[in-house]
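Each remark here refers to the structure printed beneath this line.
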Amino acid sequence: MRQKKLYVLLTALVAAVGGMASPAALADKASDDAAIARYREMIADGNPAELVAGQGEELWKTKRGPKNASLEKCDLGLGPGVLKGASAKLPRYFKDTGRVQDLETRLLTCMETLQGIDPKTVIDAKWLKGERETMAALVAYVVTQSNGQKIDIDMTPPQMKKMYELGKMAFYYRSGPMDFACTTCHGDTGKRIRLQDLPDLRTQAGAAAGWGTWPAYRVSSGEFWTMQHRLNDCYRQQRTAEPIFGSDVTIALSVFLAATAKGGPVLTPGLKR
């Protein structure tokens with residue numbers, strides 16, 4: 001069944017791209033919008049992220065690491081092992097670590113404390129290689145448990161407010177040879193790049209459309225990307241220094257986006273161009 005879904009996905013993608021490439025489809029913005037809408041509708045059924053989430057579920061329940069333990073007692077903020085709605089409330093401040101953590105850094109904590117896995121095996125790995133690939137699968141599984149819920153992070157702790165301000169500063173900060181910032185792509189309405197809409201992340205609706213649909217499967221690369229991966233790639237595209245996995249700036253940006261998007265729907269795993 002899953003192989004059939006993937007076949008349908010690829011067939012639909014070819015058909016959609018062919019339709020969008022025709023002169024009639026590219027004649028004006030209305031035609032573009034209609035073609036893109038058809039393309040997204042066709043690929044929406046059978047998101048390949050389902051396969052990654054299935055791998056993540058198996059990894060969640062598998063005993064691993066020096067302590068030979070599973071992650072079934074991992075506390076993502078709602079209690080040991082509680083996954084329903086957990087990612088919709090992340091990032092959040094955790095008293096046991098004294099840190100604001102997003103989903104990936106919290107999973108790092110669980111992997112270290114429950115399984116004895118050194119966080120450096122994830123931090124020092126390459127994207128979608130080794131333990132980073134394991135992390136991506138775990139993220140895919142966890143976020144499926146919040147699909148359809150509302151983004152609802154707790155901004156009352158002072159640590160969250162501090163991270164919000166840091167994230168806001170990072171969002172507007174220009175750097176690199178092109179003098180780019182997050183706002184270069186996500187600071188206006190109606191922008192698009194390579195047939196992909198660029199939501200205005202300064203607004204609640206735009207942040208909900210952006211934050212609420214990541215992590216996601218990227219059809220163009222055939223890969224599942226976590227939010228840490230996506231933020232890292234934003235810095236790469238700015239031609240500036242890329243952040244260390246799980247660094248404060250990535251978590252701060254996530255707090256800023258999630259707080260701005262509060263109340264919007266969680267639609268994860270998403271599906272992107």
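Ordering of the structure tokens sets the chain letters (A, B, ...); residue numbers start at 1 within each chain; ligands are numbered from 1 in the order shown.
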| What's the 7 Å shell around range 253-258 of chain A, counting only C-alpha atoms, without same-chain residues fewer than 2 positions away, as a PyMOL selection string? | chain A and resi 91+151+153+163-164+167-168+170-171+207+211+249-251+260-262
Determine, for each residue of range 157-226 of chain A having at least one atom at most 9 Å from an atom of range 119-136 of chain A, the closest pair of atoms and their separation in Å to one decimal, counting only C-alpha atoms; order by chain and ascending number, as JSON lines.
{"residue": "A:Glu223", "atom": "CA", "partner": "A:Leu128", "partner_atom": "CA", "distance": 8.4}
{"residue": "A:Phe224", "atom": "CA", "partner": "A:Ala136", "partner_atom": "CA", "distance": 7.1}
{"residue": "A:Trp225", "atom": "CA", "partner": "A:Ala136", "partner_atom": "CA", "distance": 6.9}
{"residue": "A:Thr226", "atom": "CA", "partner": "A:Ala136", "partner_atom": "CA", "distance": 6.0}
| request: Can you work out which one of A:Leu114, A:Val143, A:Leu201, A:Leu59 has the shortest atom-to-atom distance to Leu90 in chain A, counting only C-alpha atoms? | output: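 Nearest to Leu90 in chain A: A:Val143.
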| said: Let me make sure I understand: among A:Cys110, A:Leu51, A:Ala208, A:Met160, which one has the smallest atom-to-atom distance to Val266 in chain A if we use only C-alpha atoms? | reply: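 Closest to Val266 in chain A of all the choices is A:Ala208.
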| request: Return the single residue from A:Ala53, A:Met155, A:Cys234, A:Val219 that is closest to Tyr93 in chain A, with distances computed using only C-alpha atoms. | output: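 Under the stated criterion, the closest residue is A:Met155.
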| query | If we count only C-alpha atoms, what is near Trp60 in chain A at a cut-off of 12 Å, once residues fewer than 3 positions away on the same chain are taken out, given as a list in words? | reply | Ala53, Gly54, Gln55, Gly56, Glu57, Lys63, Arg64, Ala69, Ser70, Leu71, Glu72, Lys73, Cys74, Gly81, Leu83, Leu107, Cys110, Met111, Leu114, Gln115, Thr134, Met135, Ala136, Ala137, Leu138, Val139, Ala140, Tyr141 and Val142 of chain A
| query | Separation of CA of Ser146 in chain A and CA of Thr213 in chain A, in Å? | reply | 11.5 Å
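Shortest separation to Gln238 in chain A among A:Pro265, A:Gly222, A:Gly176, A:Gly190 occurs at residue A:Gly176, atoms counted being only C-alpha atoms.
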| message | DSSP on the backbone: which residues in range 10-249 of chain A end up as alpha helix (DSSP H)? Give the answer as a VMD selection string. | response | chain A and resid 10 to 21 29 to 44 49 to 61 103 to 115 120 to 123 131 to 144 158 to 172 182 to 186 204 to 211 227 to 237 248 to 249
| Nearest-residue call for Asn68 in chain A, choices A:Gly46, A:Ala181, A:Glu112, A:Arg106, using only C-alpha atoms |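 Nearest candidate to Asn68 in chain A out of A:Gly46, A:Ala181, A:Glu112, A:Arg106: A:Glu112.
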